[in-house]
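Chemist: Have a peek at work_16.cif (mmCIF, N, CA and C atoms).
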```cif
data_target
#
loop_
_atom_site.label_atom_id
_atom_site.label_comp_id
_atom_site.auth_asym_id
_atom_site.auth_seq_id
_atom_site.Cartn_x
_atom_site.Cartn_y
_atom_site.Cartn_z
N GLU S 9 81.28 86.25 -130.52
CA GLU S 9 81.86 85.43 -131.56
C GLU S 9 81.02 84.18 -131.82
N LYS S 10 80.41 83.63 -130.78
CA LYS S 10 79.58 82.44 -130.97
C LYS S 10 78.21 82.77 -131.54
N ALA S 11 77.84 84.04 -131.50
CA ALA S 11 76.53 84.43 -132.01
C ALA S 11 76.40 84.10 -133.50
N ALA S 12 77.46 84.28 -134.27
CA ALA S 12 77.41 83.97 -135.70
C ALA S 12 77.19 82.48 -135.92
N LEU S 13 77.83 81.65 -135.12
CA LEU S 13 77.64 80.20 -135.23
C LEU S 13 76.22 79.80 -134.85
N ILE S 14 75.68 80.45 -133.84
CA ILE S 14 74.32 80.17 -133.40
C ILE S 14 73.32 80.56 -134.48
N LEU S 15 73.54 81.70 -135.10
CA LEU S 15 72.58 82.20 -136.08
C LEU S 15 72.59 81.39 -137.37
N ASP S 16 73.77 81.16 -137.98
CA ASP S 16 73.88 80.41 -139.23
C ASP S 16 72.77 80.81 -140.19
N VAL S 17 72.79 82.06 -140.61
CA VAL S 17 71.66 82.66 -141.31
C VAL S 17 71.83 82.74 -142.82
N ASN S 18 70.70 82.87 -143.49
CA ASN S 18 70.63 83.25 -144.89
C ASN S 18 70.60 84.77 -144.88
N LYS S 19 71.64 85.40 -145.38
CA LYS S 19 71.78 86.85 -145.24
C LYS S 19 70.68 87.65 -145.92
N THR S 20 69.99 87.07 -146.88
CA THR S 20 68.93 87.81 -147.54
C THR S 20 67.56 87.62 -146.89
N ALA S 21 67.50 86.74 -145.91
CA ALA S 21 66.23 86.48 -145.23
C ALA S 21 65.96 87.51 -144.15
N HIS S 22 64.69 87.63 -143.79
CA HIS S 22 64.32 88.41 -142.61
C HIS S 22 64.56 87.50 -141.41
N HIS S 23 65.28 87.97 -140.42
CA HIS S 23 65.58 87.13 -139.25
C HIS S 23 64.80 87.63 -138.04
N TRP S 24 64.16 86.68 -137.38
CA TRP S 24 63.37 86.99 -136.20
C TRP S 24 63.99 86.28 -135.01
N VAL S 25 64.42 87.06 -134.02
CA VAL S 25 64.96 86.50 -132.78
C VAL S 25 63.83 86.55 -131.75
N LEU S 26 63.41 85.38 -131.33
CA LEU S 26 62.32 85.23 -130.37
C LEU S 26 62.93 84.82 -129.05
N ASP S 27 62.86 85.70 -128.06
CA ASP S 27 63.52 85.52 -126.77
C ASP S 27 62.48 85.02 -125.75
N LEU S 28 62.42 83.70 -125.58
CA LEU S 28 61.41 83.07 -124.72
C LEU S 28 61.79 83.25 -123.25
N GLY S 29 60.92 83.84 -122.46
CA GLY S 29 61.24 84.13 -121.06
C GLY S 29 62.35 85.17 -120.99
N SER S 30 62.18 86.24 -121.76
CA SER S 30 63.24 87.22 -122.01
C SER S 30 63.77 87.93 -120.78
N GLY S 31 62.94 88.13 -119.77
CA GLY S 31 63.37 89.01 -118.70
C GLY S 31 63.72 90.35 -119.30
N SER S 32 64.82 90.93 -118.88
CA SER S 32 65.23 92.25 -119.38
C SER S 32 65.78 92.21 -120.80
N GLY S 33 66.03 91.02 -121.34
CA GLY S 33 66.51 90.89 -122.70
C GLY S 33 68.02 90.93 -122.87
N TRP S 34 68.75 91.17 -121.80
CA TRP S 34 70.20 91.36 -121.95
C TRP S 34 70.93 90.12 -122.44
N MET S 35 70.41 88.93 -122.14
CA MET S 35 71.11 87.70 -122.55
C MET S 35 71.09 87.49 -124.07
N CYS S 36 70.19 88.12 -124.76
CA CYS S 36 70.05 87.95 -126.21
C CYS S 36 70.69 89.08 -127.01
N ARG S 37 71.19 90.08 -126.33
CA ARG S 37 71.68 91.29 -126.99
C ARG S 37 72.76 90.99 -128.04
N ASP S 38 73.73 90.13 -127.74
CA ASP S 38 74.80 89.83 -128.70
C ASP S 38 74.27 89.09 -129.92
N ILE S 39 73.29 88.22 -129.73
CA ILE S 39 72.70 87.50 -130.86
C ILE S 39 71.97 88.47 -131.78
N VAL S 40 71.21 89.38 -131.21
CA VAL S 40 70.49 90.37 -132.03
C VAL S 40 71.49 91.28 -132.74
N ALA S 41 72.54 91.71 -132.04
CA ALA S 41 73.55 92.58 -132.66
C ALA S 41 74.21 91.86 -133.84
N GLU S 42 74.52 90.60 -133.68
CA GLU S 42 75.14 89.84 -134.77
C GLU S 42 74.16 89.63 -135.92
N ALA S 43 72.91 89.38 -135.60
CA ALA S 43 71.88 89.24 -136.65
C ALA S 43 71.78 90.54 -137.45
N LEU S 44 71.84 91.67 -136.78
CA LEU S 44 71.80 92.96 -137.48
C LEU S 44 72.99 93.13 -138.42
N ARG S 45 74.12 92.60 -138.02
CA ARG S 45 75.32 92.69 -138.85
C ARG S 45 75.21 91.76 -140.07
N LEU S 46 74.57 90.60 -139.89
CA LEU S 46 74.56 89.57 -140.93
C LEU S 46 73.34 89.57 -141.84
N CYS S 47 72.24 90.12 -141.38
CA CYS S 47 70.96 89.94 -142.09
C CYS S 47 70.43 91.24 -142.67
N GLU S 48 69.58 91.06 -143.65
CA GLU S 48 68.94 92.20 -144.30
C GLU S 48 68.02 92.96 -143.34
N SER S 49 67.26 92.22 -142.53
CA SER S 49 66.39 92.86 -141.53
C SER S 49 66.23 91.91 -140.35
N VAL S 50 65.98 92.50 -139.17
CA VAL S 50 65.90 91.72 -137.94
C VAL S 50 64.75 92.24 -137.09
N THR S 51 63.97 91.30 -136.58
CA THR S 51 62.95 91.61 -135.58
C THR S 51 63.33 90.91 -134.29
N TYR S 52 63.20 91.62 -133.17
CA TYR S 52 63.45 91.04 -131.85
C TYR S 52 62.15 91.04 -131.08
N THR S 53 61.78 89.86 -130.55
CA THR S 53 60.59 89.74 -129.72
C THR S 53 60.97 89.26 -128.33
N PRO S 54 60.91 90.18 -127.36
CA PRO S 54 61.02 89.73 -125.98
C PRO S 54 59.66 89.15 -125.57
N LEU S 55 59.63 87.90 -125.16
CA LEU S 55 58.40 87.25 -124.74
C LEU S 55 58.55 86.88 -123.27
N ASP S 56 57.70 87.43 -122.44
CA ASP S 56 57.76 87.17 -121.01
C ASP S 56 56.37 87.38 -120.43
N THR S 57 56.11 86.76 -119.30
CA THR S 57 54.82 86.95 -118.63
C THR S 57 54.77 88.26 -117.87
N ALA S 58 55.93 88.87 -117.63
CA ALA S 58 56.00 90.11 -116.85
C ALA S 58 56.07 91.33 -117.77
N LEU S 59 55.06 92.17 -117.72
CA LEU S 59 55.03 93.39 -118.52
C LEU S 59 56.26 94.26 -118.27
N GLU S 60 56.66 94.38 -117.02
CA GLU S 60 57.82 95.21 -116.68
C GLU S 60 59.08 94.70 -117.38
N ALA S 61 59.27 93.38 -117.41
CA ALA S 61 60.45 92.81 -118.08
C ALA S 61 60.42 93.10 -119.58
N VAL S 62 59.28 92.91 -120.19
CA VAL S 62 59.14 93.17 -121.63
C VAL S 62 59.40 94.65 -121.92
N ASN S 63 58.89 95.53 -121.09
CA ASN S 63 59.12 96.97 -121.29
C ASN S 63 60.59 97.33 -121.10
N THR S 64 61.26 96.69 -120.16
CA THR S 64 62.69 96.93 -119.95
C THR S 64 63.48 96.49 -121.19
N ALA S 65 63.16 95.32 -121.73
CA ALA S 65 63.83 94.84 -122.94
C ALA S 65 63.57 95.79 -124.11
N LYS S 66 62.34 96.19 -124.24
CA LYS S 66 61.95 97.10 -125.33
C LYS S 66 62.75 98.41 -125.25
N GLU S 67 62.88 98.95 -124.05
CA GLU S 67 63.62 100.20 -123.86
C GLU S 67 65.10 100.02 -124.18
N MET S 68 65.71 98.92 -123.68
CA MET S 68 67.13 98.68 -123.91
C MET S 68 67.42 98.53 -125.40
N TYR S 69 66.62 97.71 -126.09
CA TYR S 69 66.86 97.49 -127.52
C TYR S 69 66.59 98.76 -128.33
N GLY S 70 65.61 99.53 -127.92
CA GLY S 70 65.34 100.79 -128.60
C GLY S 70 66.52 101.74 -128.53
N LEU S 71 67.23 101.73 -127.40
CA LEU S 71 68.38 102.60 -127.21
C LEU S 71 69.66 102.02 -127.81
N GLU S 72 69.91 100.73 -127.56
CA GLU S 72 71.19 100.14 -127.93
C GLU S 72 71.22 99.54 -129.34
N LEU S 73 70.10 99.02 -129.82
CA LEU S 73 70.05 98.38 -131.14
C LEU S 73 68.82 98.87 -131.89
N PRO S 74 68.76 100.17 -132.18
CA PRO S 74 67.55 100.75 -132.78
C PRO S 74 67.23 100.22 -134.18
N ALA S 75 68.18 99.58 -134.85
CA ALA S 75 67.90 99.04 -136.19
C ALA S 75 67.03 97.79 -136.14
N ALA S 76 66.96 97.16 -134.98
CA ALA S 76 66.11 95.97 -134.84
C ALA S 76 64.66 96.40 -134.67
N LYS S 77 63.79 95.81 -135.45
CA LYS S 77 62.35 96.05 -135.26
C LYS S 77 61.96 95.34 -133.97
N LEU S 78 61.20 96.01 -133.13
CA LEU S 78 60.77 95.42 -131.86
C LEU S 78 59.31 94.98 -131.96
N LEU S 79 59.06 93.76 -131.55
CA LEU S 79 57.72 93.20 -131.54
C LEU S 79 57.52 92.48 -130.21
N PRO S 80 57.34 93.26 -129.11
CA PRO S 80 57.23 92.66 -127.79
C PRO S 80 55.94 91.85 -127.63
N HIS S 81 56.03 90.83 -126.77
CA HIS S 81 54.86 89.98 -126.51
C HIS S 81 54.81 89.64 -125.02
N VAL S 82 53.75 90.07 -124.37
CA VAL S 82 53.53 89.69 -122.96
C VAL S 82 52.66 88.45 -122.98
N GLY S 83 53.21 87.37 -122.46
CA GLY S 83 52.49 86.10 -122.45
C GLY S 83 53.43 84.96 -122.14
N SER S 84 52.95 83.77 -122.38
CA SER S 84 53.69 82.55 -122.09
C SER S 84 54.37 82.02 -123.34
N TRP S 85 55.43 81.25 -123.16
CA TRP S 85 56.05 80.61 -124.32
C TRP S 85 55.11 79.61 -124.96
N ASP S 86 54.08 79.20 -124.24
CA ASP S 86 53.06 78.34 -124.86
C ASP S 86 52.40 79.05 -126.04
N ASP S 87 52.33 80.39 -125.99
CA ASP S 87 51.79 81.16 -127.12
C ASP S 87 52.59 80.88 -128.39
N ALA S 88 53.92 80.75 -128.22
CA ALA S 88 54.81 80.54 -129.36
C ALA S 88 54.81 79.09 -129.84
N MET S 89 54.06 78.23 -129.19
CA MET S 89 53.91 76.85 -129.65
C MET S 89 52.67 76.68 -130.52
N GLN S 90 52.04 77.77 -130.86
CA GLN S 90 50.86 77.75 -131.73
C GLN S 90 51.26 78.29 -133.10
N THR S 91 50.88 77.61 -134.16
CA THR S 91 51.23 78.09 -135.50
C THR S 91 50.65 79.48 -135.77
N SER S 92 49.54 79.82 -135.14
CA SER S 92 48.93 81.13 -135.35
C SER S 92 49.85 82.27 -134.89
N PHE S 93 50.77 81.99 -133.98
CA PHE S 93 51.73 82.98 -133.49
C PHE S 93 52.60 83.50 -134.64
N TYR S 94 52.77 82.71 -135.67
CA TYR S 94 53.69 83.01 -136.77
C TYR S 94 52.98 83.41 -138.07
N LYS S 95 51.67 83.59 -138.02
CA LYS S 95 50.87 83.73 -139.23
C LYS S 95 51.18 84.97 -140.06
N ASP S 96 51.67 86.04 -139.46
CA ASP S 96 51.89 87.27 -140.21
C ASP S 96 53.34 87.48 -140.67
N LEU S 97 54.15 86.45 -140.55
CA LEU S 97 55.56 86.60 -140.92
C LEU S 97 55.76 86.43 -142.42
N PRO S 98 56.70 87.18 -142.99
CA PRO S 98 57.02 87.02 -144.41
C PRO S 98 57.54 85.60 -144.69
N GLN S 99 57.35 85.13 -145.90
CA GLN S 99 57.77 83.78 -146.28
C GLN S 99 59.29 83.59 -146.20
N ASP S 100 60.06 84.67 -146.31
CA ASP S 100 61.52 84.54 -146.27
C ASP S 100 62.08 84.70 -144.85
N THR S 101 61.25 84.45 -143.85
CA THR S 101 61.67 84.58 -142.45
C THR S 101 62.48 83.37 -142.00
N GLU S 102 63.47 83.63 -141.18
CA GLU S 102 64.17 82.59 -140.43
C GLU S 102 64.01 82.96 -138.95
N ILE S 103 63.82 81.96 -138.11
CA ILE S 103 63.60 82.20 -136.69
C ILE S 103 64.72 81.56 -135.88
N THR S 104 65.25 82.33 -134.94
CA THR S 104 66.09 81.78 -133.89
C THR S 104 65.37 82.09 -132.59
N ALA S 105 64.86 81.06 -131.95
CA ALA S 105 64.22 81.23 -130.64
C ALA S 105 65.23 80.84 -129.58
N THR S 106 65.33 81.65 -128.54
CA THR S 106 66.27 81.37 -127.46
C THR S 106 65.52 81.14 -126.16
N PHE S 107 66.05 80.22 -125.39
CA PHE S 107 65.52 79.92 -124.07
C PHE S 107 66.74 79.76 -123.19
N MET S 108 67.01 80.77 -122.36
CA MET S 108 68.30 80.83 -121.69
C MET S 108 68.20 80.82 -120.17
N GLY S 109 69.29 80.37 -119.57
CA GLY S 109 69.51 80.58 -118.16
C GLY S 109 68.81 79.63 -117.22
N THR S 110 68.59 80.11 -116.02
CA THR S 110 68.09 79.26 -114.95
C THR S 110 66.65 78.83 -115.16
N THR S 111 65.91 79.52 -116.00
CA THR S 111 64.52 79.10 -116.25
C THR S 111 64.51 77.67 -116.73
N ALA S 112 65.32 77.36 -117.73
CA ALA S 112 65.37 76.00 -118.26
C ALA S 112 65.90 75.03 -117.21
N GLY S 113 66.84 75.47 -116.40
CA GLY S 113 67.41 74.60 -115.37
C GLY S 113 66.44 74.24 -114.26
N ASN S 114 65.35 74.97 -114.15
CA ASN S 114 64.36 74.69 -113.12
C ASN S 114 63.39 73.57 -113.49
N PHE S 115 63.43 73.12 -114.74
CA PHE S 115 62.49 72.11 -115.19
C PHE S 115 63.11 70.72 -115.16
N SER S 116 62.25 69.73 -115.02
CA SER S 116 62.72 68.34 -115.08
C SER S 116 63.13 68.01 -116.51
N ASP S 117 63.92 66.97 -116.65
CA ASP S 117 64.34 66.53 -117.99
C ASP S 117 63.13 66.18 -118.85
N ASP S 118 62.14 65.52 -118.26
CA ASP S 118 60.95 65.14 -119.02
C ASP S 118 60.20 66.36 -119.53
N TYR S 119 60.09 67.39 -118.70
CA TYR S 119 59.41 68.61 -119.14
C TYR S 119 60.19 69.27 -120.27
N MET S 120 61.51 69.33 -120.15
CA MET S 120 62.31 69.98 -121.19
C MET S 120 62.19 69.23 -122.52
N VAL S 121 62.17 67.90 -122.47
CA VAL S 121 61.99 67.13 -123.71
C VAL S 121 60.63 67.44 -124.32
N SER S 122 59.59 67.52 -123.50
CA SER S 122 58.25 67.86 -123.98
C SER S 122 58.22 69.28 -124.55
N PHE S 123 58.89 70.20 -123.87
CA PHE S 123 58.98 71.59 -124.30
C PHE S 123 59.63 71.68 -125.69
N ILE S 124 60.76 71.05 -125.85
CA ILE S 124 61.47 71.06 -127.12
C ILE S 124 60.62 70.41 -128.21
N ASP S 125 60.02 69.28 -127.89
CA ASP S 125 59.17 68.58 -128.86
C ASP S 125 57.99 69.46 -129.30
N GLY S 126 57.43 70.24 -128.37
CA GLY S 126 56.33 71.13 -128.70
C GLY S 126 56.72 72.15 -129.76
N PHE S 127 57.91 72.74 -129.61
CA PHE S 127 58.38 73.70 -130.60
C PHE S 127 58.67 73.02 -131.93
N LEU S 128 59.35 71.89 -131.89
CA LEU S 128 59.69 71.21 -133.14
C LEU S 128 58.43 70.79 -133.89
N SER S 129 57.42 70.33 -133.17
CA SER S 129 56.16 69.93 -133.81
C SER S 129 55.47 71.13 -134.45
N THR S 130 55.47 72.26 -133.76
CA THR S 130 54.87 73.47 -134.31
C THR S 130 55.64 73.94 -135.53
N TRP S 131 56.96 74.01 -135.41
CA TRP S 131 57.78 74.54 -136.49
C TRP S 131 57.78 73.64 -137.71
N ASP S 132 57.55 72.35 -137.54
CA ASP S 132 57.43 71.45 -138.70
C ASP S 132 56.28 71.87 -139.61
N GLN S 133 55.32 72.60 -139.08
CA GLN S 133 54.15 73.03 -139.85
C GLN S 133 54.35 74.40 -140.51
N LEU S 134 55.46 75.05 -140.24
CA LEU S 134 55.70 76.40 -140.78
C LEU S 134 56.42 76.32 -142.12
N PRO S 135 56.22 77.33 -142.96
CA PRO S 135 56.85 77.31 -144.28
C PRO S 135 58.28 77.85 -144.30
N PHE S 136 58.86 78.13 -143.13
CA PHE S 136 60.21 78.69 -143.09
C PHE S 136 61.03 78.02 -142.00
N ARG S 137 62.31 78.32 -142.02
CA ARG S 137 63.29 77.70 -141.13
C ARG S 137 63.21 78.29 -139.72
N ALA S 138 63.28 77.40 -138.71
CA ALA S 138 63.28 77.86 -137.32
C ALA S 138 64.18 76.94 -136.50
N LYS S 139 64.80 77.52 -135.50
CA LYS S 139 65.62 76.71 -134.59
C LYS S 139 65.48 77.23 -133.17
N LEU S 140 65.68 76.33 -132.24
CA LEU S 140 65.59 76.64 -130.82
C LEU S 140 66.97 76.50 -130.21
N VAL S 141 67.43 77.55 -129.53
CA VAL S 141 68.72 77.56 -128.87
C VAL S 141 68.47 77.55 -127.37
N LEU S 142 69.01 76.55 -126.68
CA LEU S 142 68.83 76.42 -125.24
C LEU S 142 70.15 76.65 -124.53
N TRP S 143 70.12 77.48 -123.50
CA TRP S 143 71.23 77.61 -122.57
C TRP S 143 70.68 77.15 -121.23
N VAL S 144 71.30 76.14 -120.68
CA VAL S 144 70.82 75.62 -119.40
C VAL S 144 71.97 75.69 -118.40
N ASP S 145 71.70 76.31 -117.27
CA ASP S 145 72.68 76.31 -116.21
C ASP S 145 72.07 75.68 -114.97
N GLY S 146 72.84 75.58 -113.92
CA GLY S 146 72.34 74.97 -112.69
C GLY S 146 71.18 75.74 -112.11
N ALA S 147 70.37 75.03 -111.38
CA ALA S 147 69.20 75.65 -110.76
C ALA S 147 69.11 75.19 -109.31
N PRO S 148 68.33 75.89 -108.51
CA PRO S 148 68.20 75.49 -107.11
C PRO S 148 67.81 74.02 -106.94
N SER S 149 67.08 73.46 -107.89
CA SER S 149 66.67 72.06 -107.78
C SER S 149 67.85 71.10 -107.90
N ASP S 150 69.01 71.60 -108.40
CA ASP S 150 70.20 70.76 -108.53
C ASP S 150 70.97 70.63 -107.22
N LEU S 151 70.66 71.47 -106.25
CA LEU S 151 71.43 71.48 -105.01
C LEU S 151 71.09 70.34 -104.11
#
```
Turn this file's structure into structure tokens for me.
Modeler:
Amino acid sequence: EKAALILDVNKTAHHWVLDLGSGSGWMCRDIVAEALRLCESVTYTPLDTALEAVNTAKEMYGLELPAAKLLPHVGSWDDAMQTSFYKDLPQDTEITATFMGTTAGNFSDDYMVSFIDGFLSTWDQLPFRAKLVLWVDGAPSDL
């Protein structure tokens, strides 16, 4: 139910869900499913440094949400802080990038502010709408 609020999409736009540090991709599944319901077309990109995680996400989405175009990326979220990462997207694209779970909780507040600023600075240079959704939970460093 909250996925629709998170997306806040233009229904005629192409929507790209960029899952930063995706792991198996399961945390983004409801957002992608809702995007498929609301949007004309949807691309899902699991982005992770682990090939096995990206392949797991690719397999799950291929089986459970086959209408989503899959564009997997093995690498760092730093890749997505470069405008060149977005160069081949249609002009009517909207981006929802997600950064979820304990990964974010493992970073210091200063790093997270720098991380967010890096995306906002990059996206300010793009010709289309983009937003970053953060889910932060407790991490071992909080104990």
Chemist: Quote the spacing between CA of Ala41 (chain S) and atom N of Phe107 (chain S) in Å to one decimal place.
Modeler: 16.2 Å
Chemist: Report the residues of region 71-128 of chain S whose backbone DSSP state falls under helix (DSSP H, G or I), written as an NGL selection string.
Modeler: :S and (71-72 or 85-89 or 91-94 or 110-113 or 117-128)
Chemist: For the selection you just gave me, I'd like the residues written to a file as a short mmCIF file (atom, residue, chain, number, x, y, z; two decimals), in the coordinates of the input, keeping N, CA and C atoms.
Modeler:
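As a result, out.cif now contains:
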```cif
data_model
loop_
_atom_site.label_atom_id
_atom_site.label_comp_id
_atom_site.auth_asym_id
_atom_site.auth_seq_id
_atom_site.Cartn_x
_atom_site.Cartn_y
_atom_site.Cartn_z
N LEU S 71 67.23 101.73 -127.40
CA LEU S 71 68.38 102.60 -127.21
C LEU S 71 69.66 102.02 -127.81
N GLU S 72 69.91 100.73 -127.56
CA GLU S 72 71.19 100.14 -127.93
C GLU S 72 71.22 99.54 -129.34
N TRP S 85 55.43 81.25 -123.16
CA TRP S 85 56.05 80.61 -124.32
C TRP S 85 55.11 79.61 -124.96
N ASP S 86 54.08 79.20 -124.24
CA ASP S 86 53.06 78.34 -124.86
C ASP S 86 52.40 79.05 -126.04
N ASP S 87 52.33 80.39 -125.99
CA ASP S 87 51.79 81.16 -127.12
C ASP S 87 52.59 80.88 -128.39
N ALA S 88 53.92 80.75 -128.22
CA ALA S 88 54.81 80.54 -129.36
C ALA S 88 54.81 79.09 -129.84
N MET S 89 54.06 78.23 -129.19
CA MET S 89 53.91 76.85 -129.65
C MET S 89 52.67 76.68 -130.52
N THR S 91 50.88 77.61 -134.16
CA THR S 91 51.23 78.09 -135.50
C THR S 91 50.65 79.48 -135.77
N SER S 92 49.54 79.82 -135.14
CA SER S 92 48.93 81.13 -135.35
C SER S 92 49.85 82.27 -134.89
N PHE S 93 50.77 81.99 -133.98
CA PHE S 93 51.73 82.98 -133.49
C PHE S 93 52.60 83.50 -134.64
N TYR S 94 52.77 82.71 -135.67
CA TYR S 94 53.69 83.01 -136.77
C TYR S 94 52.98 83.41 -138.07
N THR S 110 68.59 80.11 -116.02
CA THR S 110 68.09 79.26 -114.95
C THR S 110 66.65 78.83 -115.16
N THR S 111 65.91 79.52 -116.00
CA THR S 111 64.52 79.10 -116.25
C THR S 111 64.51 77.67 -116.73
N ALA S 112 65.32 77.36 -117.73
CA ALA S 112 65.37 76.00 -118.26
C ALA S 112 65.90 75.03 -117.21
N GLY S 113 66.84 75.47 -116.40
CA GLY S 113 67.41 74.60 -115.37
C GLY S 113 66.44 74.24 -114.26
N ASP S 117 63.92 66.97 -116.65
CA ASP S 117 64.34 66.53 -117.99
C ASP S 117 63.13 66.18 -118.85
N ASP S 118 62.14 65.52 -118.26
CA ASP S 118 60.95 65.14 -119.02
C ASP S 118 60.20 66.36 -119.53
N TYR S 119 60.09 67.39 -118.70
CA TYR S 119 59.41 68.61 -119.14
C TYR S 119 60.19 69.27 -120.27
N MET S 120 61.51 69.33 -120.15
CA MET S 120 62.31 69.98 -121.19
C MET S 120 62.19 69.23 -122.52
N VAL S 121 62.17 67.90 -122.47
CA VAL S 121 61.99 67.13 -123.71
C VAL S 121 60.63 67.44 -124.32
N SER S 122 59.59 67.52 -123.50
CA SER S 122 58.25 67.86 -123.98
C SER S 122 58.22 69.28 -124.55
N PHE S 123 58.89 70.20 -123.87
CA PHE S 123 58.98 71.59 -124.30
C PHE S 123 59.63 71.68 -125.69
N ILE S 124 60.76 71.05 -125.85
CA ILE S 124 61.47 71.06 -127.12
C ILE S 124 60.62 70.41 -128.21
N ASP S 125 60.02 69.28 -127.89
CA ASP S 125 59.17 68.58 -128.86
C ASP S 125 57.99 69.46 -129.30
N GLY S 126 57.43 70.24 -128.37
CA GLY S 126 56.33 71.13 -128.70
C GLY S 126 56.72 72.15 -129.76
N PHE S 127 57.91 72.74 -129.61
CA PHE S 127 58.38 73.70 -130.60
C PHE S 127 58.67 73.02 -131.93
N LEU S 128 59.35 71.89 -131.89
CA LEU S 128 59.69 71.21 -133.14
C LEU S 128 58.43 70.79 -133.89
#
```
Chemist: Residues near region 76-82 of chain S, anyone? I mean within 9 Å using only C-alpha atoms, not counting same-chain ones fewer than 6 positions away, as a ChimeraX atom specification.
Modeler: /S:40-41,44,49-59,62-63,65-66,69-70
Chemist: Got time to write the residues from that selection, N, CA and C atoms, as a tab-separated table (two decimals), in the frame of the given file?
Modeler:
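Saved file selection.tsv follows:
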```tsv
chain	number	residue	atom	x	y	z
S	40	VAL	N	71.21	89.38	-131.21
S	40	VAL	CA	70.49	90.37	-132.03
S	40	VAL	C	71.49	91.28	-132.74
S	41	ALA	N	72.54	91.71	-132.04
S	41	ALA	CA	73.55	92.58	-132.66
S	41	ALA	C	74.21	91.86	-133.84
S	44	LEU	N	71.84	91.67	-136.78
S	44	LEU	CA	71.80	92.96	-137.48
S	44	LEU	C	72.99	93.13	-138.42
S	49	SER	N	67.26	92.22	-142.53
S	49	SER	CA	66.39	92.86	-141.53
S	49	SER	C	66.23	91.91	-140.35
S	50	VAL	N	65.98	92.50	-139.17
S	50	VAL	CA	65.90	91.72	-137.94
S	50	VAL	C	64.75	92.24	-137.09
S	51	THR	N	63.97	91.30	-136.58
S	51	THR	CA	62.95	91.61	-135.58
S	51	THR	C	63.33	90.91	-134.29
S	52	TYR	N	63.20	91.62	-133.17
S	52	TYR	CA	63.45	91.04	-131.85
S	52	TYR	C	62.15	91.04	-131.08
S	53	THR	N	61.78	89.86	-130.55
S	53	THR	CA	60.59	89.74	-129.72
S	53	THR	C	60.97	89.26	-128.33
S	54	PRO	N	60.91	90.18	-127.36
S	54	PRO	CA	61.02	89.73	-125.98
S	54	PRO	C	59.66	89.15	-125.57
S	55	LEU	N	59.63	87.90	-125.16
S	55	LEU	CA	58.40	87.25	-124.74
S	55	LEU	C	58.55	86.88	-123.27
S	56	ASP	N	57.70	87.43	-122.44
S	56	ASP	CA	57.76	87.17	-121.01
S	56	ASP	C	56.37	87.38	-120.43
S	57	THR	N	56.11	86.76	-119.30
S	57	THR	CA	54.82	86.95	-118.63
S	57	THR	C	54.77	88.26	-117.87
S	58	ALA	N	55.93	88.87	-117.63
S	58	ALA	CA	56.00	90.11	-116.85
S	58	ALA	C	56.07	91.33	-117.77
S	59	LEU	N	55.06	92.17	-117.72
S	59	LEU	CA	55.03	93.39	-118.52
S	59	LEU	C	56.26	94.26	-118.27
S	62	VAL	N	59.28	92.91	-120.19
S	62	VAL	CA	59.14	93.17	-121.63
S	62	VAL	C	59.40	94.65	-121.92
S	63	ASN	N	58.89	95.53	-121.09
S	63	ASN	CA	59.12	96.97	-121.29
S	63	ASN	C	60.59	97.33	-121.10
S	65	ALA	N	63.16	95.32	-121.73
S	65	ALA	CA	63.83	94.84	-122.94
S	65	ALA	C	63.57	95.79	-124.11
S	66	LYS	N	62.34	96.19	-124.24
S	66	LYS	CA	61.95	97.10	-125.33
S	66	LYS	C	62.75	98.41	-125.25
S	69	TYR	N	66.62	97.71	-126.09
S	69	TYR	CA	66.86	97.49	-127.52
S	69	TYR	C	66.59	98.76	-128.33
S	70	GLY	N	65.61	99.53	-127.92
S	70	GLY	CA	65.34	100.79	-128.60
S	70	GLY	C	66.52	101.74	-128.53
```
Chemist: From a backbone DSSP assignment, name each residue in region 72-114 of chain S labelled strand (DSSP E), as number ranges by chain.
Modeler: S: 77-78, 81-82, 101-107
Chemist: Given the file shown, enumerate the residues that the PyMOL selection byres ((chain S and resi 127-141) around 7) captures and present them as a VMD selection string.
Modeler: chain S and resid 88 to 91 99 to 108 122 to 126 142 to 143
